[in-house]
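Engineer: Dropping in structure13.csv, with CSV, C-alpha atoms (C1' of nucleotides).
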chain,number,residue,atom,x,y,z
Y,147,MET,CA,3.2,1.5,-13.8
Y,148,ARG,CA,5.7,-1.2,-14.2
Y,149,ILE,CA,6.4,-4.8,-15.1
Y,150,THR,CA,6.9,-7.0,-12.0
Y,151,SER,CA,9.7,-9.5,-11.6
Y,152,LEU,CA,7.1,-12.3,-11.9
Y,153,VAL,CA,6.1,-11.1,-15.3
Y,154,GLU,CA,9.6,-10.3,-16.5
Y,155,PHE,CA,10.9,-13.7,-15.4
Y,156,ALA,CA,7.9,-15.6,-16.7
Y,157,ALA,CA,8.3,-14.0,-20.1
Y,158,ARG,CA,12.0,-14.8,-20.2
Y,159,ILE,CA,11.3,-18.4,-19.3
Y,160,MET,CA,8.6,-18.7,-22.0
Y,161,VAL,CA,10.8,-17.3,-24.6
Y,162,ARG,CA,13.4,-19.9,-23.7
Y,163,LEU,CA,10.9,-22.6,-24.1
Y,164,ALA,CA,9.7,-21.2,-27.3
Y,165,GLY,CA,13.2,-21.5,-28.7
Y,166,LEU,CA,13.5,-25.2,-28.1
Y,167,ALA,CA,13.5,-27.8,-30.8
Y,168,PRO,CA,10.3,-29.9,-31.2
Y,169,GLN,CA,10.0,-32.6,-28.5
Y,170,ALA,CA,12.9,-31.0,-26.5
Y,171,THR,CA,12.4,-29.9,-22.9
Y,172,LEU,CA,14.2,-27.7,-20.4
Y,173,SER,CA,14.5,-28.6,-16.7
Y,174,ALA,CA,13.7,-26.1,-14.0
Y,175,ASP,CA,17.3,-26.3,-12.9
Y,176,LYS,CA,18.6,-25.4,-16.3
Y,177,LEU,CA,16.1,-22.5,-16.6
Y,178,SER,CA,17.3,-21.3,-13.3
Y,179,GLU,CA,20.8,-21.3,-14.4
Y,180,LEU,CA,20.2,-19.8,-17.8
Y,181,GLU,CA,18.1,-16.9,-16.5
Y,182,ASN,CA,19.9,-16.5,-13.2
Y,183,ILE,CA,16.8,-16.8,-11.2
Y,184,SER,CA,16.8,-18.9,-8.0
Y,185,ARG,CA,15.6,-22.4,-8.4
Y,186,ASP,CA,12.7,-21.9,-5.9
Y,187,TYR,CA,11.4,-18.9,-7.7
Y,188,VAL,CA,11.6,-20.7,-11.1
Y,189,ASP,CA,9.6,-23.5,-9.6
Y,190,GLN,CA,6.9,-21.1,-8.4
Y,191,ILE,CA,6.7,-19.4,-11.8
Y,192,LEU,CA,6.6,-22.7,-13.7
Y,193,HIS,CA,3.9,-23.8,-11.4
Y,194,ARG,CA,1.7,-20.8,-12.2
Y,195,LEU,CA,2.4,-21.3,-15.9
Y,196,ARG,CA,1.4,-24.9,-15.7
Y,197,LYS,CA,-1.8,-24.1,-13.9
Y,198,GLY,CA,-2.5,-21.6,-16.6
Y,199,GLU,CA,-2.0,-24.5,-19.1
Y,200,LEU,CA,0.7,-22.6,-21.0
Y,201,VAL,CA,3.4,-25.2,-20.3
Y,202,VAL,CA,3.4,-29.0,-19.9
Y,203,SER,CA,6.0,-31.0,-17.9
Y,204,ARG,CA,7.6,-34.4,-18.1
Y,205,ARG,CA,8.5,-35.8,-14.8
Y,206,GLY,CA,11.4,-38.0,-13.7
Y,207,ALA,CA,15.1,-38.0,-14.6
Y,208,GLN,CA,15.7,-36.2,-17.9
Y,209,GLY,CA,12.3,-34.6,-17.5
Y,210,GLY,CA,11.6,-30.9,-18.0
Y,211,TYR,CA,9.2,-28.3,-19.4
Y,212,ALA,CA,7.9,-27.4,-22.8
Y,213,LEU,CA,5.2,-25.1,-24.2
Y,214,ALA,CA,1.7,-26.5,-24.1
Y,215,ARG,CA,0.9,-25.0,-27.5
Y,216,PRO,CA,2.9,-23.7,-30.5
Y,217,ALA,CA,4.7,-20.5,-29.7
Y,218,SER,CA,2.6,-18.7,-32.3
Y,219,GLN,CA,-0.5,-19.4,-30.2
Y,220,ILE,CA,0.8,-18.0,-26.9
Y,221,SER,CA,0.7,-14.3,-26.4
Y,222,VAL,CA,2.6,-12.2,-23.9
Y,223,GLY,CA,-0.7,-11.2,-22.5
Y,224,ALA,CA,-1.6,-14.8,-21.8
Y,225,VAL,CA,1.7,-15.2,-20.0
Y,226,ILE,CA,1.0,-12.2,-17.8
Y,227,ARG,CA,-2.6,-13.3,-17.0
Y,228,SER,CA,-1.2,-16.7,-16.1
Y,229,VAL,CA,1.3,-15.5,-13.5
Y,230,GLU,CA,-0.5,-12.4,-12.2
Y,231,GLY,CA,-4.2,-13.2,-12.7
Y,232,GLY,CA,-4.8,-10.2,-14.8
Y,233,ILE,CA,-3.1,-7.4,-16.7
Y,234,PHE,CA,-4.7,-4.0,-16.0
Y,235,GLU,CA,-6.8,-3.6,-12.9
Y,236,GLU,CA,-10.2,-1.8,-13.0
Y,237,VAL,CA,-9.9,1.6,-11.4
Y,238,CYS,CA,-13.5,1.9,-10.4
Y,239,GLU,CA,-13.5,-1.2,-8.2
Y,240,ARG,CA,-10.5,0.0,-6.3
Y,241,TYR,CA,-11.4,3.6,-5.5
Y,242,SER,CA,-15.1,3.5,-5.1
Y,243,CYS,CA,-16.3,6.4,-3.0
Y,244,GLY,CA,-18.4,4.4,-0.7
Y,245,GLU,CA,-21.4,5.4,-2.8
Y,246,GLN,CA,-23.2,2.7,-4.7
Y,247,GLN,CA,-22.4,4.2,-8.0
Y,248,CYS,CA,-19.0,4.6,-9.4
Y,249,HIS,CA,-17.7,8.1,-8.6
Y,250,HIS,CA,-16.8,8.6,-12.2
Y,251,LEU,CA,-20.3,8.3,-13.5
Y,252,THR,CA,-21.5,11.6,-12.0
Y,253,ALA,CA,-18.4,13.5,-11.1
Y,254,CYS,CA,-16.3,13.4,-14.2
Y,255,GLY,CA,-15.3,11.5,-17.3
Y,256,LEU,CA,-12.2,9.7,-16.1
Y,257,ARG,CA,-13.5,6.2,-16.4
Y,258,PRO,CA,-13.5,6.0,-20.2
Y,259,VAL,CA,-9.9,7.1,-20.1
Y,260,TRP,CA,-8.8,4.3,-17.8
Y,261,GLU,CA,-11.0,1.8,-19.7
Y,262,ARG,CA,-9.5,2.7,-23.0
Y,263,LEU,CA,-6.0,2.6,-21.5
Y,264,GLY,CA,-6.7,-0.9,-20.3
Y,265,GLU,CA,-8.0,-2.0,-23.7
Y,266,LEU,CA,-4.9,-0.5,-25.4
Y,267,ILE,CA,-2.5,-2.3,-23.1
Y,268,GLU,CA,-4.3,-5.7,-23.2
Y,269,GLY,CA,-4.9,-5.5,-26.9
Y,270,TYR,CA,-1.2,-4.9,-27.6
Y,271,LEU,CA,0.0,-7.6,-25.3
Y,272,ASP,CA,-2.5,-10.1,-26.6
Y,273,GLY,CA,-1.2,-9.5,-30.1
Y,274,VAL,CA,2.5,-10.2,-29.4
Y,275,THR,CA,3.2,-13.9,-29.6
Y,276,LEU,CA,6.2,-15.8,-28.4
Y,277,ASP,CA,7.3,-16.9,-31.8
Y,278,GLN,CA,8.0,-13.2,-32.6
Y,279,LEU,CA,10.4,-13.0,-29.7
Y,280,VAL,CA,12.8,-15.9,-30.3
Y,281,ALA,CA,15.6,-13.8,-31.8
Y,282,PRO,CA,18.2,-11.2,-30.8
Y,283,GLU,CA,16.7,-7.8,-30.1
Y,284,VAL,CA,17.7,-6.3,-33.4
Y,285,LYS,CA,15.7,-8.8,-35.4
Y,286,VAL,CA,12.7,-8.7,-33.1
Y,287,LYS,CA,12.2,-5.0,-33.7
Y,288,GLY,CA,11.8,-5.7,-37.3
Y,289,VAL,CA,9.3,-8.5,-36.7
Y,290,LEU,CA,7.2,-6.4,-34.3
Y,291,ALA,CA,7.2,-3.5,-36.7
Y,292,SER,CA,5.6,-5.6,-39.5
Y,293,ALA,CA,3.5,-7.8,-37.3
Y,294,ALA,CA,-0.3,-7.6,-37.5
Y,295,ALA,CA,-0.5,-7.1,-33.8
Y,296,PHE,CA,1.6,-4.1,-34.1
Y,297,ARG,CA,-0.2,-2.6,-37.0
Y,298,ARG,CA,-3.5,-2.9,-35.3
Y,299,MET,CA,-2.3,-0.4,-32.7
Y,300,ALA,CA,0.0,1.9,-34.6
I,256,MET,CA,-0.6,-2.8,-13.6
I,257,ARG,CA,-2.8,-0.3,-12.0
I,258,ILE,CA,-3.6,3.3,-11.4
I,259,THR,CA,-2.5,4.4,-7.9
I,260,SER,CA,-4.6,6.4,-5.6
I,261,LEU,CA,-2.3,9.3,-6.0
I,262,VAL,CA,-2.9,9.3,-9.8
I,263,GLU,CA,-6.7,8.7,-9.5
I,264,PHE,CA,-7.2,11.5,-6.9
I,265,ALA,CA,-4.9,13.9,-8.7
I,266,ALA,CA,-6.8,13.3,-11.9
I,267,ARG,CA,-10.1,13.9,-10.2
I,268,ILE,CA,-8.9,17.1,-8.6
I,269,MET,CA,-7.6,18.4,-12.0
I,270,VAL,CA,-10.9,17.7,-13.7
I,271,ARG,CA,-12.6,19.6,-11.0
I,272,LEU,CA,-10.3,22.6,-11.5
I,273,ALA,CA,-10.8,22.3,-15.3
I,274,GLY,CA,-14.5,22.7,-14.8
I,275,LEU,CA,-14.2,26.1,-13.0
I,276,ALA,CA,-15.3,29.3,-14.5
I,277,PRO,CA,-12.4,31.7,-15.6
I,278,GLN,CA,-10.8,33.4,-12.6
I,279,ALA,CA,-12.6,31.1,-10.1
I,280,THR,CA,-10.7,29.0,-7.6
I,281,LEU,CA,-11.4,26.0,-5.5
I,282,SER,CA,-10.0,25.7,-2.0
I,283,ALA,CA,-8.2,22.6,-0.7
I,284,ASP,CA,-11.0,22.2,1.8
I,285,LYS,CA,-13.7,22.2,-0.8
I,286,LEU,CA,-11.8,19.8,-3.0
I,287,SER,CA,-11.4,17.5,0.0
I,288,GLU,CA,-15.1,17.6,0.5
I,289,LEU,CA,-16.1,17.2,-3.1
I,290,GLU,CA,-13.9,14.3,-3.8
I,291,ASN,CA,-14.1,12.7,-0.4
I,292,ILE,CA,-10.4,12.6,0.1
I,293,SER,CA,-8.8,13.6,3.5
I,294,ARG,CA,-7.7,17.2,3.7
I,295,ASP,CA,-4.1,16.2,4.4
I,296,TYR,CA,-3.9,14.0,1.4
I,297,VAL,CA,-5.4,16.7,-0.8
I,298,ASP,CA,-2.8,19.0,0.4
I,299,GLN,CA,0.0,16.6,-0.5
I,300,ILE,CA,-1.4,16.0,-4.0
I,301,LEU,CA,-1.9,19.7,-4.6
I,302,HIS,CA,1.6,20.4,-3.4
I,303,ARG,CA,3.0,18.0,-6.0
I,304,LEU,CA,0.8,19.4,-8.7
I,305,ARG,CA,2.0,22.9,-7.9
I,306,LYS,CA,5.7,21.8,-8.0
I,307,GLY,CA,4.9,20.4,-11.4
I,308,GLU,CA,3.5,23.8,-12.4
I,309,LEU,CA,0.1,22.4,-13.3
I,310,VAL,CA,-1.8,24.4,-10.8
I,311,VAL,CA,-1.4,27.9,-9.2
I,312,SER,CA,-2.7,29.0,-5.8
I,313,ARG,CA,-4.0,32.1,-4.3
I,314,ARG,CA,-3.3,32.4,-0.6
I,315,GLY,CA,-5.3,33.8,2.2
I,316,ALA,CA,-9.0,33.9,3.0
I,317,GLN,CA,-11.1,33.2,-0.1
I,318,GLY,CA,-8.0,31.8,-1.7
I,319,GLY,CA,-7.8,28.5,-3.6
I,320,TYR,CA,-6.4,26.7,-6.6
I,321,ALA,CA,-6.8,26.9,-10.3
I,322,LEU,CA,-5.1,25.4,-13.4
I,323,ALA,CA,-1.9,27.0,-14.4
I,324,ARG,CA,-2.8,26.7,-18.1
I,325,PRO,CA,-5.9,26.2,-20.1
I,326,ALA,CA,-7.3,22.7,-19.7
I,327,SER,CA,-6.7,22.0,-23.3
I,328,GLN,CA,-3.0,22.3,-22.7
I,329,ILE,CA,-2.8,19.9,-19.8
I,330,SER,CA,-2.8,16.1,-20.5
I,331,VAL,CA,-3.6,13.3,-18.2
I,332,GLY,CA,0.0,12.1,-18.8
I,333,ALA,CA,1.4,15.4,-17.5
I,334,VAL,CA,-0.8,15.0,-14.3
I,335,ILE,CA,0.6,11.5,-13.7
I,336,ARG,CA,4.2,12.6,-14.3
I,337,SER,CA,3.6,15.4,-11.9
I,338,VAL,CA,2.5,13.3,-9.0
I,339,GLU,CA,4.4,10.1,-9.6
I,340,GLY,CA,7.5,11.3,-11.4
I,341,GLY,CA,6.9,9.1,-14.3
I,342,ILE,CA,4.4,6.9,-16.0
I,343,PHE,CA,5.9,3.6,-17.2
I,344,GLU,CA,9.1,2.4,-15.6
I,345,GLU,CA,11.9,1.0,-17.8
I,346,VAL,CA,12.1,-2.8,-17.3
I,347,CYS,CA,15.8,-3.1,-18.1
I,348,GLU,CA,17.0,-0.9,-15.3
I,349,ARG,CA,15.0,-2.8,-12.8
I,350,TYR,CA,15.9,-6.4,-13.6
I,351,SER,CA,19.5,-6.2,-14.9
I,352,CYS,CA,21.2,-9.5,-14.4
I,353,GLY,CA,24.3,-8.2,-12.8
I,354,GLU,CA,25.9,-8.3,-16.1
I,355,GLN,CA,26.9,-5.0,-17.7
I,356,GLN,CA,24.7,-5.4,-20.7
I,357,CYS,CA,20.9,-5.6,-20.4
I,358,HIS,CA,19.9,-9.2,-20.4
I,359,HIS,CA,17.5,-8.7,-23.2
I,360,LEU,CA,20.1,-7.7,-25.7
I,361,THR,CA,21.6,-11.2,-26.0
I,362,ALA,CA,19.1,-13.5,-24.5
I,363,CYS,CA,15.8,-12.6,-26.1
I,364,GLY,CA,13.7,-10.0,-27.7
I,365,LEU,CA,11.6,-8.9,-24.8
I,366,ARG,CA,12.9,-5.4,-24.6
I,367,PRO,CA,11.2,-4.0,-27.7
I,368,VAL,CA,7.9,-5.3,-26.3
I,369,TRP,CA,8.2,-3.4,-23.1
I,370,GLU,CA,9.5,-0.4,-24.9
I,371,ARG,CA,6.6,-0.3,-27.3
I,372,LEU,CA,4.2,-0.9,-24.5
I,373,GLY,CA,5.6,2.2,-22.7
I,374,GLU,CA,5.3,4.3,-25.8
I,375,LEU,CA,1.7,3.2,-26.3
I,376,ILE,CA,0.7,4.0,-22.8
I,377,GLU,CA,2.5,7.4,-22.6
I,378,GLY,CA,1.4,8.3,-26.1
I,379,TYR,CA,-2.2,7.7,-25.2
I,380,LEU,CA,-2.2,9.5,-21.9
I,381,ASP,CA,-0.3,12.5,-23.4
I,382,GLY,CA,-3.0,12.8,-26.0
I,383,VAL,CA,-6.0,13.0,-23.6
I,384,THR,CA,-6.4,16.6,-22.2
I,385,LEU,CA,-8.5,17.8,-19.3
I,386,ASP,CA,-10.9,19.8,-21.4
I,387,GLN,CA,-12.1,16.5,-22.9
I,388,LEU,CA,-13.0,15.2,-19.5
I,389,VAL,CA,-15.2,17.9,-18.1
I,390,ALA,CA,-18.5,16.3,-18.7
I,391,PRO,CA,-20.6,13.3,-17.5
I,392,GLU,CA,-19.2,9.9,-18.6
I,393,VAL,CA,-21.6,9.4,-21.5
I,394,LYS,CA,-20.5,12.6,-23.3
I,395,VAL,CA,-16.9,12.0,-22.6
I,396,LYS,CA,-17.0,8.7,-24.5
I,397,GLY,CA,-18.1,10.6,-27.6
I,398,VAL,CA,-15.5,13.2,-27.2
I,399,LEU,CA,-12.7,10.7,-26.8
I,400,ALA,CA,-14.0,8.7,-29.8
I,401,SER,CA,-13.6,11.7,-32.1
I,402,ALA,CA,-10.5,13.2,-30.5
I,403,ALA,CA,-7.3,13.3,-32.4
I,404,ALA,CA,-5.5,11.7,-29.5
I,405,PHE,CA,-7.8,8.8,-29.6
I,406,ARG,CA,-7.7,8.4,-33.4
I,407,ARG,CA,-3.9,8.3,-33.3
I,408,MET,CA,-4.1,5.1,-31.3
I,409,ALA,CA,-7.2,3.4,-32.6
X,282,DT,C1',-5.5,41.0,14.2
X,283,DT,C1',-7.3,37.0,13.1
X,284,DA,C1',-9.3,33.4,10.6
X,285,DT,C1',-8.5,31.0,6.6
X,286,DA,C1',-5.6,28.7,3.6
X,287,DC,C1',-1.5,27.2,1.7
X,288,DT,C1',3.5,24.9,2.6
X,289,DT,C1',6.6,21.4,4.0
X,290,DG,C1',8.8,17.4,5.6
X,291,DA,C1',8.6,13.6,8.8
X,292,DT,C1',6.4,9.7,10.2
X,293,DT,C1',3.6,5.5,10.2
X,294,DA,C1',0.3,1.8,8.9
X,295,DA,C1',-1.2,-1.1,5.3
X,296,DT,C1',-0.4,-3.6,1.3
X,297,DT,C1',2.0,-5.7,-2.2
X,298,DC,C1',6.1,-7.8,-4.1
X,299,DA,C1',10.0,-10.8,-4.2
X,300,DG,C1',11.9,-14.5,-2.9
X,301,DT,C1',12.8,-18.4,0.4
X,302,DC,C1',11.9,-22.5,2.9
X,303,DA,C1',10.3,-27.0,3.9
X,304,DG,C1',8.5,-31.0,2.9
X,305,DG,C1',6.0,-33.8,-0.3
X,306,DT,C1',5.0,-36.6,-4.7
X,307,DA,C1',6.0,-38.7,-9.1
X,308,DT,C1',8.9,-41.1,-12.5
X,309,DG,C1',12.8,-42.5,-15.4
X,310,DT,C1',17.1,-45.1,-14.8
X,311,DT,C1',20.0,-48.6,-13.2
F,121,DA,C1',13.5,-52.3,-6.1
F,122,DA,C1',16.3,-48.5,-5.0
F,123,DC,C1',17.6,-44.2,-6.0
F,124,DA,C1',18.5,-39.9,-8.0
F,125,DT,C1',16.4,-36.4,-10.4
F,126,DA,C1',12.7,-33.5,-11.0
F,127,DC,C1',8.3,-31.6,-10.3
F,128,DC,C1',4.4,-30.0,-6.8
F,129,DT,C1',2.5,-27.1,-3.2
F,130,DG,C1',1.6,-23.9,0.2
F,131,DA,C1',3.2,-21.3,3.9
F,132,DC,C1',6.2,-17.9,5.3
F,133,DT,C1',9.2,-13.7,5.7
F,134,DG,C1',11.7,-9.5,4.7
F,135,DA,C1',11.9,-5.6,1.7
F,136,DA,C1',9.8,-2.1,-0.9
F,137,DT,C1',6.2,0.7,-2.2
F,138,DT,C1',1.9,3.0,-1.4
F,139,DA,C1',-1.4,5.5,1.1
F,140,DA,C1',-2.2,8.4,4.3
F,141,DT,C1',-1.6,11.0,8.6
F,142,DC,C1',0.6,14.2,11.7
F,143,DA,C1',2.6,18.3,13.2
F,144,DA,C1',4.3,22.6,12.6
F,145,DG,C1',5.0,26.2,10.2
F,146,DT,C1',4.1,30.6,6.7
F,147,DA,C1',1.5,33.8,3.9
F,148,DT,C1',-2.5,36.8,3.0
F,149,DA,C1',-7.3,38.7,2.5
F,150,DA,C1',-10.9,40.6,5.3
Can I see the file as structure tokens?
Structural biologist:
Amino acid sequence: MRITSLVEFAARIMVRLAGLAPQATLSADKLSELENISRDYVDQILHRLRKGELVVSRRGAQGGYALARPASQISVGAVIRSVEGGIFEEVCERYSCGEQQCHHLTACGLRPVWERLGELIEGYLDGVTLDQLVAPEVKVKGVLASAAAFRRMA
Amino acid sequence: MRITSLVEFAARIMVRLAGLAPQATLSADKLSELENISRDYVDQILHRLRKGELVVSRRGAQGGYALARPASQISVGAVIRSVEGGIFEEVCERYSCGEQQCHHLTACGLRPVWERLGELIEGYLDGVTLDQLVAPEVKVKGVLASAAAFRRMA
DNA sequence: TTATACTTGATTAATTCAGTCAGGTATGTT
DNA sequence: AACATACCTGACTGAATTAATCAAGTATAA
């Protein structure tokens, strides 16, 4: 299990945008430079974020991107869904045994384990919002430790 | 994020073995048939599980496999580590920015999020043991709901 | 001795991921 | 109006990972 580059880069970009002053925007070029990601890849990621309605753009010279909503209303989970289409894939759909019924139903009790794991992952990521992340690492640890999202899981 | 076939199949095989009577074994051929996995693939998975010291084998005619320890002492997390070498990959190793220091340290607070996510996933999977899974799905849900491993996370 | 079963590493086919490329469209500025 | 800047879009490709298969072997109970 791992975080893909799409997710990692999208998250970095969103945190950058979350750190902007009100009304300010950041151009794709500038984001590319700041995060050391190729301009083309930044474009692709921004495009997905825009389709997911997480960012808005202003065109033309001096244009750029900004968050579509306050950072406190955008979760890391939402960012991942936006760029990947989902967070944790259902196991039963992928490895059905050709039988009509999910193999897990009759053979063993694995399904609840994967289901609960998915809930745990999505629940956590949906509880972490961008405003909690606009700070150096040391501070963020403190914020996360006291955040409601964290307490719900711990 | 998803469960690979290696993990899914290894877990199914381990649950089968966990359901055996004491002293009983199950041959690779039988496992292949029961779980509808090719004999060659079953062999490869069993080989990994054996190297991870999660199963023991008895050779020769009438030979077969059995758990190396009581099912209550083998977690799903251990099974995954055995076949995949790990559970959740460190993000910072993968997407370092060419700089010496992890990009997350200075630029943003993403690292604690991925770190905590990893802990959550591994903590949960290490808490679910095979003996909790030897039952039809309906019963397992009840077991998991009352299990210590589950309560720790919920 | 012989069938059965486990052991091992190499190989390959399929899928997914990561990133690039090419060309287009819109809009602010001068 | 011209132009530079910036966003929009989808197709494409090479690399990496995953999912299995293949091909020989070795050990052991009957």
Engineer: Using all atoms listed in the file, which protein or nucleic acid residues come within 8 Å of Leu163 (chain Y)? Drop anything in the same chain fewer than 3 positions from it, and give the result as a count of residues only.
Structural biologist: 8
Engineer: Would you mind listing what lies within 8 Å of Asp272 (chain Y) as a ChimeraX atom specification, with all atoms listed in the file counted and same-chain residues fewer than 6 positions away left out?
Structural biologist: /Y:221-224
Engineer: Determine, counting all atoms listed in the file, which protein, DNA and RNA residues have an atom within 9 Å of an atom of region 300-304 of chain X; residues of the same chain fewer than 4 positions away are not included. Present the result as a PDB file with C-alpha atoms (C1' of nucleotides), in the coordinates of the input.
Structural biologist:
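File written: part28.pdb
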ATOM      1  CA  SER Y 184      16.800 -18.900  -8.000  1.00  0.00           C
ATOM      2  CA  ASP Y 186      12.700 -21.900  -5.900  1.00  0.00           C
ATOM      3  CA  TYR Y 187      11.400 -18.900  -7.700  1.00  0.00           C
TER       4      TYR Y 187
ATOM      5  C1'  DA F 131       3.200 -21.300   3.900  1.00  0.00           C
ATOM      6  C1'  DC F 132       6.200 -17.900   5.300  1.00  0.00           C
ATOM      7  C1'  DT F 133       9.200 -13.700   5.700  1.00  0.00           C
TER       8       DT F 133
END
Engineer: For chain Y, work out the contacting residues on chain F at 9 Å, counting only C-alpha atoms (C1' of nucleotides), and write them as a ChimeraX atom specification.
Structural biologist: /F:124-129
Engineer: What does the distance between CA of Glu235 (chain Y) and C1' of DA299 (chain X) come to in Å, to one decimal place?
Structural biologist: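 Computing the Euclidean distance for CA of Glu235 (chain Y) and C1' of DA299 (chain X) yields 20.2 Å.
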Engineer: Mind pulling up the distance from CA of Gln387 (chain I) to CA of Ser327 (chain I)?
Structural biologist: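 If I compute the distance from CA of Ser327 (chain I) to CA of Gln387 (chain I), I get 7.7 Å.
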Engineer: Using all atoms listed in the file for the distances, tell me which of X:DC287, X:DC298, X:DT293, X:DG305 is nearest to chain Y.
Structural biologist: X:DC298
Engineer: CA of Arg366 (chain I) and C1' of DG134 (chain F) are how many Å apart?
Structural biologist: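 One can read the CA of Arg366 (chain I) to C1' of DG134 (chain F) distance as 29.6 Å.
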Engineer: Show me, as a PDB file with C-alpha atoms (C1' of nucleotides), in the coordinates of the input, the residues of chain X whose atoms get within 7 Å of chain Y, using all atoms listed in the file for the distance check.
Structural biologist:
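The new file out08.pdb reads:
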ATOM      1  C1'  DG X 300      11.900 -14.500  -2.900  1.00  0.00           C
ATOM      2  C1'  DA X 307       6.000 -38.700  -9.100  1.00  0.00           C
ATOM      3  C1'  DT X 308       8.900 -41.100 -12.500  1.00  0.00           C
ATOM      4  C1'  DG X 309      12.800 -42.500 -15.400  1.00  0.00           C
TER       5       DG X 309
END
Engineer: Hey, what's within 12 Å of DA295 (chain X) if we count all atoms listed in the file and toss same-chain stuff fewer than 2 positions away? As a PyMOL selection string, please?
Structural biologist: (chain X and resi 293+297) or (chain F and resi 137-140)
